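Structure below is structure_33.pdb: PDB, C-alpha atoms.
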```pdb
ATOM      1  CA  MET A   1       8.210 -56.339 -39.570
ATOM      2  CA  ASN A   2      11.843 -56.637 -40.635
ATOM      3  CA  GLY A   3      12.064 -52.837 -40.422
ATOM      4  CA  VAL A   4      10.994 -53.027 -36.801
ATOM      5  CA  ILE A   5      13.642 -55.641 -36.065
ATOM      6  CA  ARG A   6      16.352 -53.506 -37.687
ATOM      7  CA  SER A   7      15.254 -50.452 -35.690
ATOM      8  CA  LEU A   8      15.837 -52.399 -32.492
ATOM      9  CA  GLU A   9      19.334 -53.545 -33.365
ATOM     10  CA  GLY A  10      21.974 -51.853 -31.256
ATOM     11  CA  GLY A  11      19.345 -50.446 -28.914
ATOM     12  CA  ASP A  12      20.136 -52.802 -26.036
ATOM     13  CA  VAL A  13      22.141 -50.247 -24.051
ATOM     14  CA  ILE A  14      20.570 -47.599 -21.852
ATOM     15  CA  ARG A  15      23.352 -45.055 -22.121
ATOM     16  CA  ARG A  16      21.922 -42.155 -20.134
ATOM     17  CA  VAL A  17      19.294 -42.135 -17.375
ATOM     18  CA  LEU A  18      17.520 -38.989 -16.183
ATOM     19  CA  LEU A  19      16.476 -39.498 -12.553
ATOM     20  CA  VAL A  20      13.958 -36.976 -11.242
ATOM     21  CA  LEU A  21      14.277 -36.012  -7.558
ATOM     22  CA  ASP A  22      12.537 -33.365  -5.476
ATOM     23  CA  GLY A  23      14.242 -33.761  -2.103
ATOM     24  CA  SER A  24      11.628 -36.152  -0.716
ATOM     25  CA  GLU A  25      12.053 -39.727   0.481
ATOM     26  CA  ARG A  26       9.274 -40.705  -1.907
ATOM     27  CA  ALA A  27      11.275 -39.635  -4.951
ATOM     28  CA  GLU A  28      14.351 -41.472  -3.684
ATOM     29  CA  ARG A  29      12.528 -44.813  -3.900
ATOM     30  CA  ALA A  30      13.667 -44.988  -7.529
ATOM     31  CA  ILE A  31      17.384 -44.721  -6.712
ATOM     32  CA  PRO A  32      18.137 -48.454  -6.129
ATOM     33  CA  TYR A  33      16.354 -49.360  -9.379
ATOM     34  CA  VAL A  34      18.304 -46.753 -11.330
ATOM     35  CA  MET A  35      21.540 -48.006  -9.812
ATOM     36  CA  THR A  36      20.703 -51.549 -10.912
ATOM     37  CA  LEU A  37      20.106 -50.419 -14.498
ATOM     38  CA  ALA A  38      23.212 -48.211 -14.533
ATOM     39  CA  ARG A  39      25.385 -51.131 -13.421
ATOM     40  CA  ALA A  40      23.867 -53.399 -16.066
ATOM     41  CA  PHE A  41      24.574 -51.045 -18.966
ATOM     42  CA  GLY A  42      27.366 -48.810 -17.710
ATOM     43  CA  SER A  43      24.932 -45.898 -17.924
ATOM     44  CA  GLU A  44      25.564 -42.296 -16.985
ATOM     45  CA  VAL A  45      22.970 -40.961 -14.545
ATOM     46  CA  LEU A  46      21.770 -37.361 -14.519
ATOM     47  CA  LEU A  47      20.132 -36.256 -11.270
ATOM     48  CA  LEU A  48      17.570 -33.512 -11.858
ATOM     49  CA  ARG A  49      15.701 -31.334  -9.414
ATOM     50  CA  VAL A  50      13.244 -28.686 -10.630
ATOM     51  CA  ILE A  51      12.567 -25.510  -8.688
ATOM     52  CA  GLU A  52       8.970 -24.420  -9.209
ATOM     53  CA  ALA A  53       6.988 -21.283  -8.445
ATOM     54  CA  LYS A  54       5.488 -20.924  -4.992
ATOM     55  CA  PRO A  55       1.836 -22.048  -4.725
ATOM     56  CA  GLY A  56      -0.571 -19.304  -5.761
ATOM     57  CA  SER A  57       2.127 -17.352  -7.615
ATOM     58  CA  ASP A  58       2.271 -16.827 -11.373
ATOM     59  CA  ARG A  59       5.981 -15.997 -11.249
ATOM     60  CA  LEU A  60       9.102 -17.666  -9.919
ATOM     61  CA  TRP A  61      11.379 -15.248  -8.051
ATOM     62  CA  THR A  62      11.632 -11.510  -7.827
ATOM     63  CA  ASP A  63      14.120 -11.648  -4.961
ATOM     64  CA  PRO A  64      17.656 -12.551  -6.164
ATOM     65  CA  VAL A  65      18.678 -13.630  -2.653
ATOM     66  CA  GLU A  66      15.745 -16.013  -2.317
ATOM     67  CA  TRP A  67      16.489 -17.466  -5.773
ATOM     68  CA  ARG A  68      20.167 -18.052  -5.087
ATOM     69  CA  LEU A  69      19.391 -19.622  -1.698
ATOM     70  CA  GLU A  70      16.868 -22.057  -3.106
ATOM     71  CA  ARG A  71      19.093 -23.006  -6.015
ATOM     72  CA  SER A  72      22.020 -23.501  -3.631
ATOM     73  CA  GLU A  73      19.912 -25.774  -1.430
ATOM     74  CA  ALA A  74      18.789 -27.799  -4.457
ATOM     75  CA  LYS A  75      22.379 -28.280  -5.644
ATOM     76  CA  ALA A  76      23.539 -29.239  -2.152
ATOM     77  CA  TYR A  77      20.817 -31.886  -1.964
ATOM     78  CA  LEU A  78      21.759 -33.323  -5.361
ATOM     79  CA  GLU A  79      25.450 -33.380  -4.403
ATOM     80  CA  GLY A  80      24.514 -35.496  -1.388
ATOM     81  CA  VAL A  81      22.628 -37.991  -3.565
ATOM     82  CA  LYS A  82      25.418 -37.906  -6.133
ATOM     83  CA  LYS A  83      27.838 -39.300  -3.543
ATOM     84  CA  ARG A  84      25.788 -42.507  -3.384
ATOM     85  CA  PHE A  85      26.344 -43.040  -7.103
ATOM     86  CA  VAL A  86      30.013 -42.069  -6.937
ATOM     87  CA  ASP A  87      30.559 -44.545  -4.107
ATOM     88  CA  ALA A  88      28.941 -47.198  -6.306
ATOM     89  CA  GLU A  89      31.321 -46.250  -9.149
ATOM     90  CA  ILE A  90      28.458 -45.050 -11.379
ATOM     91  CA  ALA A  91      29.018 -42.051 -13.656
ATOM     92  CA  VAL A  92      26.764 -39.247 -12.463
ATOM     93  CA  ASP A  93      26.038 -35.569 -13.043
ATOM     94  CA  ILE A  94      23.545 -33.123 -11.529
ATOM     95  CA  ASP A  95      21.379 -30.295 -12.834
ATOM     96  CA  VAL A  96      18.790 -27.900 -11.432
ATOM     97  CA  GLY A  97      15.819 -26.933 -13.589
ATOM     98  CA  VAL A  98      13.618 -23.873 -13.265
ATOM     99  CA  GLY A  99       9.910 -23.660 -14.095
ATOM    100  CA  ASP A 100       7.038 -26.095 -14.484
ATOM    101  CA  ALA A 101       8.244 -29.500 -13.291
ATOM    102  CA  SER A 102       6.787 -31.681 -16.033
ATOM    103  CA  GLU A 103       7.875 -29.315 -18.810
ATOM    104  CA  GLU A 104      11.406 -29.039 -17.421
ATOM    105  CA  ILE A 105      11.742 -32.809 -17.040
ATOM    106  CA  LEU A 106      10.661 -33.465 -20.617
ATOM    107  CA  GLU A 107      12.855 -30.690 -22.023
ATOM    108  CA  MET A 108      15.868 -31.849 -20.019
ATOM    109  CA  ALA A 109      15.384 -35.410 -21.252
ATOM    110  CA  ARG A 110      15.549 -34.111 -24.799
ATOM    111  CA  ALA A 111      18.429 -31.677 -24.221
ATOM    112  CA  ARG A 112      20.574 -34.263 -22.447
ATOM    113  CA  ARG A 113      19.639 -37.094 -24.841
ATOM    114  CA  ALA A 114      18.301 -39.358 -22.090
ATOM    115  CA  ASP A 115      17.427 -42.905 -23.139
ATOM    116  CA  LEU A 116      15.419 -43.458 -19.960
ATOM    117  CA  LEU A 117      13.359 -41.245 -17.647
ATOM    118  CA  ALA A 118      13.164 -42.520 -14.054
ATOM    119  CA  LEU A 119      10.772 -41.162 -11.433
ATOM    120  CA  THR A 120       8.319 -42.167  -8.740
ATOM    121  CA  THR A 121       4.544 -41.914  -8.852
ATOM    122  CA  HIS A 122       4.407 -39.220  -6.156
ATOM    123  CA  GLY A 123       6.759 -36.575  -4.845
ATOM    124  CA  ARG A 124       6.939 -34.024  -2.094
ATOM    125  CA  GLY A 125       3.534 -33.021  -0.772
ATOM    126  CA  GLN A 126       1.572 -34.787  -3.520
ATOM    127  CA  ALA A 127      -1.623 -36.520  -2.420
ATOM    128  CA  THR A 128      -1.625 -40.320  -2.565
ATOM    129  CA  GLY A 129      -5.332 -40.568  -3.434
ATOM    130  CA  VAL A 130      -4.506 -41.254  -7.072
ATOM    131  CA  PRO A 131      -2.221 -43.991  -8.475
ATOM    132  CA  VAL A 132       0.017 -41.481 -10.276
ATOM    133  CA  ALA A 133       0.254 -37.836  -9.157
ATOM    134  CA  GLY A 134       0.183 -34.781 -11.408
ATOM    135  CA  THR A 135       3.831 -34.351 -12.418
ATOM    136  CA  ALA A 136       4.489 -38.053 -13.005
ATOM    137  CA  HIS A 137       1.197 -38.413 -14.864
ATOM    138  CA  LYS A 138       2.063 -35.582 -17.269
ATOM    139  CA  VAL A 139       5.601 -36.857 -17.826
ATOM    140  CA  VAL A 140       4.548 -40.448 -18.490
ATOM    141  CA  ALA A 141       1.808 -39.321 -20.877
ATOM    142  CA  ALA A 142       4.097 -37.060 -22.930
ATOM    143  CA  ALA A 143       7.508 -38.768 -22.771
ATOM    144  CA  GLU A 144       8.725 -40.588 -25.879
ATOM    145  CA  THR A 145      11.719 -42.122 -24.123
ATOM    146  CA  SER A 146      11.671 -45.313 -22.103
ATOM    147  CA  ILE A 147      10.155 -44.937 -18.630
ATOM    148  CA  LEU A 148      11.020 -46.388 -15.229
ATOM    149  CA  LEU A 149       8.118 -45.688 -12.867
ATOM    150  CA  VAL A 150       8.414 -46.714  -9.222
ATOM    151  CA  PRO A 151       5.496 -46.440  -6.766
ATOM    152  CA  ALA A 152       6.279 -43.930  -4.038
ATOM    153  CA  GLY A 153       5.087 -46.464  -1.473
ATOM    154  CA  THR A 154       7.757 -48.989  -2.479
ATOM    155  CA  ALA A 155       9.816 -50.000   0.545
ATOM    156  CA  GLU A 156      13.456 -48.902   0.389
ATOM    157  CA  ASN A 157      15.409 -52.168   0.329
ATOM    158  CA  GLY A 158      18.700 -50.589  -0.706
ATOM    159  CA  ARG A 159      19.309 -52.970  -3.586
ATOM    160  CA  GLY A 160      16.512 -52.549  -6.106
ATOM    161  CA  PRO A 161      14.621 -55.459  -7.689
ATOM    162  CA  ARG A 162      14.881 -58.951  -6.260
ATOM    163  CA  ARG A 163      13.148 -60.486  -9.271
ATOM    164  CA  ILE A 164      12.670 -59.460 -12.915
ATOM    165  CA  LEU A 165       9.483 -60.418 -14.744
ATOM    166  CA  VAL A 166       9.277 -59.666 -18.469
ATOM    167  CA  GLY A 167       6.017 -59.708 -20.372
ATOM    168  CA  LEU A 168       6.236 -61.397 -23.782
ATOM    169  CA  ASP A 169       3.732 -61.537 -26.631
ATOM    170  CA  GLY A 170       5.882 -63.035 -29.388
ATOM    171  CA  SER A 171       6.617 -59.699 -31.069
ATOM    172  CA  PRO A 172      10.129 -58.474 -32.030
ATOM    173  CA  ARG A 173       9.681 -55.568 -29.602
ATOM    174  CA  ALA A 174       8.990 -57.978 -26.738
ATOM    175  CA  GLU A 175      12.058 -60.014 -27.700
ATOM    176  CA  TRP A 176      14.120 -56.810 -27.455
ATOM    177  CA  ALA A 177      12.669 -56.123 -23.988
ATOM    178  CA  LEU A 178      13.637 -59.675 -23.053
ATOM    179  CA  ARG A 179      17.288 -58.979 -23.890
ATOM    180  CA  ILE A 180      17.203 -55.879 -21.698
ATOM    181  CA  ALA A 181      15.554 -57.799 -18.844
ATOM    182  CA  ALA A 182      18.085 -60.621 -19.096
ATOM    183  CA  ALA A 183      20.987 -58.178 -18.891
ATOM    184  CA  VAL A 184      19.511 -56.578 -15.755
ATOM    185  CA  ALA A 185      18.808 -59.943 -14.112
ATOM    186  CA  ARG A 186      22.326 -61.155 -14.885
ATOM    187  CA  THR A 187      23.984 -58.057 -13.405
ATOM    188  CA  ALA A 188      21.727 -57.923 -10.344
ATOM    189  CA  ASP A 189      21.980 -61.696  -9.842
ATOM    190  CA  VAL A 190      18.212 -62.098  -9.475
ATOM    191  CA  PRO A 191      15.740 -64.587 -10.987
ATOM    192  CA  LEU A 192      14.279 -63.858 -14.422
ATOM    193  CA  VAL A 193      10.667 -64.827 -15.124
ATOM    194  CA  LEU A 194       9.353 -65.033 -18.691
ATOM    195  CA  ALA A 195       5.608 -64.456 -18.689
ATOM    196  CA  HIS A 196       2.825 -64.556 -21.244
ATOM    197  CA  VAL A 197      -0.840 -63.808 -20.685
ATOM    198  CA  VAL A 198      -3.341 -65.577 -22.929
ATOM    199  CA  PRO A 199      -6.077 -63.065 -23.808
ATOM    200  CA  ALA A 200      -9.626 -64.145 -23.144
ATOM    201  CA  SER A 201     -11.838 -64.804 -26.178
ATOM    202  CA  GLU A 202     -15.004 -62.726 -25.889
ATOM    203  CA  VAL A 203     -18.369 -64.175 -26.840
ATOM    204  CA  LEU A 204     -21.342 -61.864 -27.252
ATOM    205  CA  ALA A 205     -23.978 -62.847 -24.677
ATOM    206  CA  VAL A 206     -26.886 -62.938 -27.141
ATOM    207  CA  GLY A 207     -28.927 -66.003 -27.982
ATOM    208  CA  ASP A 208     -27.579 -69.558 -27.769
ATOM    209  CA  THR A 209     -23.805 -69.184 -27.348
ATOM    210  CA  GLY A 210     -23.024 -72.623 -25.948
ATOM    211  CA  SER A 211     -21.117 -73.811 -29.011
ATOM    212  CA  LEU A 212     -19.217 -70.549 -29.309
ATOM    213  CA  ARG A 213     -18.170 -70.696 -25.671
ATOM    214  CA  ALA A 214     -16.918 -74.235 -26.170
ATOM    215  CA  MET A 215     -14.895 -73.079 -29.172
ATOM    216  CA  ALA A 216     -13.478 -70.178 -27.118
ATOM    217  CA  ALA A 217     -12.441 -72.585 -24.370
ATOM    218  CA  GLU A 218     -10.687 -74.845 -26.890
ATOM    219  CA  LEU A 219      -8.942 -71.833 -28.419
ATOM    220  CA  ALA A 220      -7.731 -70.698 -24.976
ATOM    221  CA  LYS A 221      -6.427 -74.205 -24.268
ATOM    222  CA  ALA A 222      -4.542 -74.320 -27.574
ATOM    223  CA  SER A 223      -3.186 -70.798 -27.067
ATOM    224  CA  GLY A 224      -1.937 -71.749 -23.602
ATOM    225  CA  LYS A 225      -0.095 -74.772 -24.994
ATOM    226  CA  LEU A 226       1.445 -72.638 -27.740
ATOM    227  CA  ALA A 227       2.474 -70.004 -25.179
ATOM    228  CA  ARG A 228       4.208 -72.546 -22.953
ATOM    229  CA  GLY A 229       6.179 -73.828 -25.917
ATOM    230  CA  TYR A 230       7.133 -70.292 -26.940
ATOM    231  CA  LEU A 231       8.342 -69.404 -23.418
ATOM    232  CA  ALA A 232      10.289 -72.665 -23.116
ATOM    233  CA  ASP A 233      12.036 -71.911 -26.393
ATOM    234  CA  ALA A 234      12.831 -68.344 -25.295
ATOM    235  CA  ALA A 235      14.240 -69.638 -21.993
ATOM    236  CA  LYS A 236      16.367 -72.201 -23.834
ATOM    237  CA  ARG A 237      17.844 -69.459 -26.024
ATOM    238  CA  LEU A 238      18.783 -67.487 -22.894
ATOM    239  CA  SER A 239      20.006 -70.453 -20.899
ATOM    240  CA  ALA A 240      23.245 -69.708 -19.068
ATOM    241  CA  ARG A 241      24.900 -70.519 -15.774
ATOM    242  CA  ASP A 242      24.542 -66.971 -14.533
ATOM    243  CA  LEU A 243      20.777 -66.782 -15.141
ATOM    244  CA  HIS A 244      18.036 -68.460 -13.124
ATOM    245  CA  ILE A 245      15.086 -68.577 -15.551
ATOM    246  CA  SER A 246      11.506 -69.705 -15.062
ATOM    247  CA  THR A 247       8.351 -69.301 -17.155
ATOM    248  CA  ARG A 248       4.762 -68.437 -16.314
ATOM    249  CA  THR A 249       1.559 -68.341 -18.308
ATOM    250  CA  ALA A 250      -1.730 -66.888 -17.152
ATOM    251  CA  SER A 251      -5.223 -66.501 -18.514
ATOM    252  CA  ALA A 252      -6.648 -63.003 -18.806
ATOM    253  CA  LYS A 253     -10.256 -63.518 -17.756
ATOM    254  CA  ALA A 254     -10.708 -59.761 -17.430
ATOM    255  CA  SER A 255      -7.639 -57.990 -18.864
ATOM    256  CA  VAL A 256      -4.033 -58.662 -19.785
ATOM    257  CA  PRO A 257      -2.649 -55.812 -17.579
ATOM    258  CA  ARG A 258      -4.460 -57.119 -14.492
ATOM    259  CA  ALA A 259      -3.189 -60.645 -15.134
ATOM    260  CA  LEU A 260       0.394 -59.366 -15.455
ATOM    261  CA  ALA A 261      -0.010 -57.305 -12.275
ATOM    262  CA  ARG A 262      -1.110 -60.417 -10.380
ATOM    263  CA  LEU A 263       1.993 -62.284 -11.550
ATOM    264  CA  VAL A 264       4.205 -59.414 -10.400
ATOM    265  CA  ALA A 265       2.462 -59.260  -7.027
ATOM    266  CA  GLU A 266       3.333 -62.874  -6.222
ATOM    267  CA  GLU A 267       6.760 -61.824  -4.953
ATOM    268  CA  PRO A 268       7.811 -58.478  -3.424
ATOM    269  CA  ASP A 269      10.374 -56.198  -5.094
ATOM    270  CA  THR A 270       9.622 -57.523  -8.568
ATOM    271  CA  LEU A 271      10.424 -55.259 -11.512
ATOM    272  CA  LEU A 272       8.101 -55.670 -14.480
ATOM    273  CA  VAL A 273       9.791 -55.147 -17.865
ATOM    274  CA  LEU A 274       7.875 -54.840 -21.107
ATOM    275  CA  SER A 275       8.007 -53.124 -24.462
ATOM    276  CA  ALA A 276       6.021 -49.918 -24.837
ATOM    277  CA  ARG A 277       4.175 -51.395 -27.789
ATOM    278  CA  GLY A 278       3.554 -55.009 -28.653
ATOM    279  CA  SER A 279       2.407 -56.984 -31.655
ATOM    280  CA  THR A 280      -0.960 -55.235 -32.020
ATOM    281  CA  ALA A 281      -0.079 -51.602 -31.227
ATOM    282  CA  MET A 282      -0.767 -48.849 -33.747
ATOM    283  CA  GLU A 283       2.415 -47.317 -35.145
ATOM    284  CA  GLY A 284       1.484 -43.772 -34.114
ATOM    285  CA  CYS A 285       0.955 -44.627 -30.439
ATOM    286  CA  THR A 286       3.621 -43.948 -27.817
ATOM    287  CA  HIS A 287       2.301 -46.756 -25.611
ATOM    288  CA  GLY A 288       0.160 -49.771 -26.341
ATOM    289  CA  THR A 289      -2.891 -50.537 -24.228
ATOM    290  CA  VAL A 290      -1.062 -52.946 -21.898
ATOM    291  CA  ALA A 291       1.879 -50.619 -21.167
ATOM    292  CA  GLN A 292      -0.437 -47.648 -20.779
ATOM    293  CA  ALA A 293      -2.699 -49.447 -18.310
ATOM    294  CA  LEU A 294       0.233 -50.637 -16.174
ATOM    295  CA  LEU A 295       1.796 -47.158 -16.116
ATOM    296  CA  GLN A 296      -1.500 -45.587 -15.099
ATOM    297  CA  ALA A 297      -2.117 -48.114 -12.322
ATOM    298  CA  ALA A 298       1.533 -48.083 -11.149
ATOM    299  CA  GLU A 299       1.023 -50.718  -8.482
ATOM    300  CA  HIS A 300       4.527 -52.110  -8.959
ATOM    301  CA  PRO A 301       7.862 -50.879 -10.348
ATOM    302  CA  VAL A 302       7.659 -51.030 -14.142
ATOM    303  CA  LEU A 303      10.242 -50.465 -16.871
ATOM    304  CA  VAL A 304       8.587 -49.662 -20.207
ATOM    305  CA  LEU A 305      11.006 -49.737 -23.132
ATOM    306  CA  GLN A 306      10.570 -47.715 -26.303
ATOM    307  CA  ASP A 307      11.922 -48.749 -29.697
ATOM    308  CA  ALA A 308      15.507 -47.619 -30.195
ATOM    309  CA  SER A 309      14.512 -45.571 -33.259
ATOM    310  CA  ARG A 310      11.763 -43.724 -31.359
ATOM    311  CA  VAL A 311      14.117 -42.879 -28.477
ATOM    312  CA  ALA A 312      16.744 -41.541 -30.896
ATOM    313  CA  ALA A 313      14.182 -39.309 -32.612
ATOM    314  CA  SER A 314      12.829 -37.963 -29.304
ATOM    315  CA  THR A 315      16.204 -36.999 -27.857
ATOM    316  CA  GLN A 316      17.355 -34.490 -30.450
ATOM    317  CA  PRO A 317      18.408 -31.359 -28.544
ATOM    318  CA  SER A 318      16.342 -28.220 -28.954
ATOM    319  CA  PRO A 319      18.503 -25.160 -29.832
ATOM    320  CA  GLU A 320      15.784 -22.820 -28.594
ATOM    321  CA  ARG A 321      15.612 -24.647 -25.246
ATOM    322  CA  SER A 322      19.417 -24.590 -24.827
ATOM    323  CA  ARG A 323      19.577 -20.894 -25.640
ATOM    324  CA  ARG A 324      16.748 -20.063 -23.204
ATOM    325  CA  ARG A 325      18.453 -22.096 -20.480
ATOM    326  CA  ARG A 326      21.758 -20.230 -20.928
ATOM    327  CA  ASN A 327      19.963 -16.891 -20.797
ATOM    328  CA  THR A 328      18.157 -17.653 -17.532
ATOM    329  CA  GLU A 329      20.834 -19.637 -15.706
ATOM    330  CA  GLY A 330      21.435 -18.205 -12.261
ATOM    331  CA  LEU A 331      19.007 -15.317 -12.680
ATOM    332  CA  PRO A 332      15.684 -14.665 -10.926
ATOM    333  CA  ARG A 333      12.697 -14.060 -13.128
ATOM    334  CA  ALA A 334      11.074 -10.679 -12.778
TER     335      ALA A 334
END
```
structure tokens encoding of this file:
Amino acid sequence: MNGVIRSLEGGDVIRRVLLVLDGSERAERAIPYVMTLARAFGSEVLLLRVIEAKPGSDRLWTDPVEWRLERSEAKAYLEGVKKRFVDAEIAVDIDVGVGDASEEILEMARARRADLLALTTHGRGQATGVPVAGTAHKVVAAAETSILLVPAGTAENGRGPRRILVGLDGSPRAEWALRIAAAVARTADVPLVLAHVVPASEVLAVGDTGSLRAMAAELAKASGKLARGYLADAAKRLSARDLHISTRTASAKASVPRALARLVAEEPDTLLVLSARGSTAMEGCTHGTVAQALLQAAEHPVLVLQDASRVAASTQPSPERSRRRRNTEGLPRA
């Protein structure tokens, strides 16, 4: 466990954020949240728009004029969004990708060493019948960086989160996420809620289980008391004049993710912050079961933070990718 703690040291800062935009109002719902994070950590923001093939076509462009026009329009759009960041005194750059959207986003995150990928659940023309549309679903499933996922239906309030809720399970990774959440809450001047969900103890419904159910109830009661003490101690360690901190515990009668989602839903414009993996996650997994479930449901804005060591390993630039990008820059594909 000490190795995990050491891997998180120095990983508090989100240095570079890749914000995915497609020209739609839906995609722009993530902008205020990205601005909040950029202010908290002095991050550089890279605005990315990917130009894809036309529907029903297996190629991109054969017409150089059409290619240059579309690329020019994409750059003009990004320049317009860039001004919002410049006016807010946030370092910002723009780039236009070419090809499959999810592949380009993931490759750009690696090439530009992004610590965080930010996007909305749905973009231009994507059906809202599923919680997370195709491009976002593929990116979230494959990305090894931290993820900020904002529902496309989130109302544009112009200022980002009005409350930060961080999920804690007592693990070093969760404690690291708490430091990130506290920094965001301090900069945004919003309340910080420390939350823990007590997992339900399952009892097999076979035979006489009365005594086992009584034991499970006592265990839940003891776990709740322990959780309240843990959260109070964590709040005391963070106590400062510039932070308004409260604590919440909940019982997961069905699932931990659903219990966390209910806590988030109590107040609008709440950003949920949690570590990608907690105390029980397998080392080879990108996301633990709780983070994965909340990303797949995407009912509320969620910031899922990867270990600093995992982010560093996933952002090594690909020479082949950089070479291919230089060779195709500004040219239509035949």
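A straight line drawn from atom CA of A:Ala293 to atom CA of A:His244 is 28.6 Å long.
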message = Please compute the atom CA of A:Gln296-atom CA of A:His137 distance, one decimal, in Å.
response = 7.7 Å
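With distances restricted to all atoms listed in the file, A:Ile245 is the closest residue to A:Asp189 from A:Val302, A:Ile245, A:Val45, A:Ala291.
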Hey, could you make a per-residue contact list for stretch 232-276 of chain A against stretch 217-226 of chain A with 12 Å as the cut-off, showing the nearest pair of atoms and its distance in Å to one decimal, counting all atoms listed in the file, sorted by chain and number, as JSON lines?
```
{"residue": "A:Ala232", "atom": "CA", "partner": "A:Leu226", "partner_atom": "CA", "distance": 10.0}
{"residue": "A:Asp233", "atom": "CA", "partner": "A:Leu226", "partner_atom": "CA", "distance": 10.7}
{"residue": "A:Arg248", "atom": "CA", "partner": "A:Gly224", "partner_atom": "CA", "distance": 10.4}
{"residue": "A:Thr249", "atom": "CA", "partner": "A:Gly224", "partner_atom": "CA", "distance": 7.2}
{"residue": "A:Ala250", "atom": "CA", "partner": "A:Gly224", "partner_atom": "CA", "distance": 8.1}
{"residue": "A:Ser251", "atom": "CA", "partner": "A:Gly224", "partner_atom": "CA", "distance": 8.0}
{"residue": "A:Ala252", "atom": "CA", "partner": "A:Ala220", "partner_atom": "CA", "distance": 9.9}
{"residue": "A:Lys253", "atom": "CA", "partner": "A:Ala220", "partner_atom": "CA", "distance": 10.5}
```
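Rounded to one decimal, atom CA of A:Trp176 and atom CA of A:Val34 lie 19.5 Å from each other.
Nearest-residue note for A:Asp95: choosing from A:Ala136, A:Leu243, A:Ile51, A:Leu212, the minimum distance belongs to A:Ile51, counting all atoms listed in the file.
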Starting from the PyMOL selection byres ((chain A and resi 97) around 9), expand the selection into actual residues of this file and give them as a PDB file with C-alpha atoms, in the frame of the given file.
```pdb
ATOM      1  CA  LEU A  48      17.570 -33.512 -11.858  1.00  0.00           C
ATOM      2  CA  ARG A  49      15.701 -31.334  -9.414  1.00  0.00           C
ATOM      3  CA  VAL A  50      13.244 -28.686 -10.630  1.00  0.00           C
ATOM      4  CA  ILE A  51      12.567 -25.510  -8.688  1.00  0.00           C
ATOM      5  CA  GLU A  52       8.970 -24.420  -9.209  1.00  0.00           C
ATOM      6  CA  ASP A  95      21.379 -30.295 -12.834  1.00  0.00           C
ATOM      7  CA  VAL A  96      18.790 -27.900 -11.432  1.00  0.00           C
ATOM      8  CA  VAL A  98      13.618 -23.873 -13.265  1.00  0.00           C
ATOM      9  CA  GLY A  99       9.910 -23.660 -14.095  1.00  0.00           C
ATOM     10  CA  ASP A 100       7.038 -26.095 -14.484  1.00  0.00           C
ATOM     11  CA  ALA A 101       8.244 -29.500 -13.291  1.00  0.00           C
ATOM     12  CA  GLU A 104      11.406 -29.039 -17.421  1.00  0.00           C
ATOM     13  CA  ILE A 105      11.742 -32.809 -17.040  1.00  0.00           C
ATOM     14  CA  MET A 108      15.868 -31.849 -20.019  1.00  0.00           C
ATOM     15  CA  ARG A 325      18.453 -22.096 -20.480  1.00  0.00           C
TER      16      ARG A 325
END
```
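For stretch 24-32 of chain A, the set of protein, DNA and RNA residues having any atom at most 9 Å away, when counting only C-alpha atoms and skipping those fewer than 5 positions along the same chain, is A:Leu19, A:Leu37, A:Val81, A:Ala118, A:Leu119, A:Thr120, A:Thr121, A:His122, A:Gly123, A:Arg124, A:Gly125, A:Leu148, A:Leu149, A:Val150, A:Pro151, A:Ala152, A:Gly153, A:Thr154, A:Ala155, A:Glu156, A:Asn157, A:Gly158, A:Arg159, A:Gly160, A:Pro161, A:Pro301.
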Once 8 Å is added on each side, what are the centre and the three edge lengths, in Å to one decimal, of the axis-aligned box enclosing the listed atoms of stretch 27-46 of chain A? Present them as AutoDock Vina command-line options.
```
--center_x 19.3 --center_y -45.4 --center_z -11.3 --size_x 32.1 --size_y 32.0 --size_z 31.3
```
query = Counting only C-alpha atoms, what is within 10 Å of stretch 181-187 of chain A, bar same-chain residues fewer than 3 positions away, as a PyMOL selection string?
reply = chain A and resi 12-13+36-41+161-167+175-178+190-194+238+240-245+271-274+303
Go ahead and dump the residues you just picked, C-alpha atoms, as a short mmCIF file (atom, residue, chain, number, x, y, z; two decimals), in the frame of the given file.
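To be explicit, this is the file written out as selection-v1.cif:
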```cif
data_model
loop_
_atom_site.label_atom_id
_atom_site.label_comp_id
_atom_site.auth_asym_id
_atom_site.auth_seq_id
_atom_site.Cartn_x
_atom_site.Cartn_y
_atom_site.Cartn_z
CA ASP A 12 20.14 -52.80 -26.04
CA VAL A 13 22.14 -50.25 -24.05
CA THR A 36 20.70 -51.55 -10.91
CA LEU A 37 20.11 -50.42 -14.50
CA ALA A 38 23.21 -48.21 -14.53
CA ARG A 39 25.38 -51.13 -13.42
CA ALA A 40 23.87 -53.40 -16.07
CA PHE A 41 24.57 -51.04 -18.97
CA PRO A 161 14.62 -55.46 -7.69
CA ARG A 162 14.88 -58.95 -6.26
CA ARG A 163 13.15 -60.49 -9.27
CA ILE A 164 12.67 -59.46 -12.92
CA LEU A 165 9.48 -60.42 -14.74
CA VAL A 166 9.28 -59.67 -18.47
CA GLY A 167 6.02 -59.71 -20.37
CA GLU A 175 12.06 -60.01 -27.70
CA TRP A 176 14.12 -56.81 -27.46
CA ALA A 177 12.67 -56.12 -23.99
CA LEU A 178 13.64 -59.68 -23.05
CA VAL A 190 18.21 -62.10 -9.48
CA PRO A 191 15.74 -64.59 -10.99
CA LEU A 192 14.28 -63.86 -14.42
CA VAL A 193 10.67 -64.83 -15.12
CA LEU A 194 9.35 -65.03 -18.69
CA LEU A 238 18.78 -67.49 -22.89
CA ALA A 240 23.24 -69.71 -19.07
CA ARG A 241 24.90 -70.52 -15.77
CA ASP A 242 24.54 -66.97 -14.53
CA LEU A 243 20.78 -66.78 -15.14
CA HIS A 244 18.04 -68.46 -13.12
CA ILE A 245 15.09 -68.58 -15.55
CA LEU A 271 10.42 -55.26 -11.51
CA LEU A 272 8.10 -55.67 -14.48
CA VAL A 273 9.79 -55.15 -17.86
CA LEU A 274 7.88 -54.84 -21.11
CA LEU A 303 10.24 -50.46 -16.87
#
```
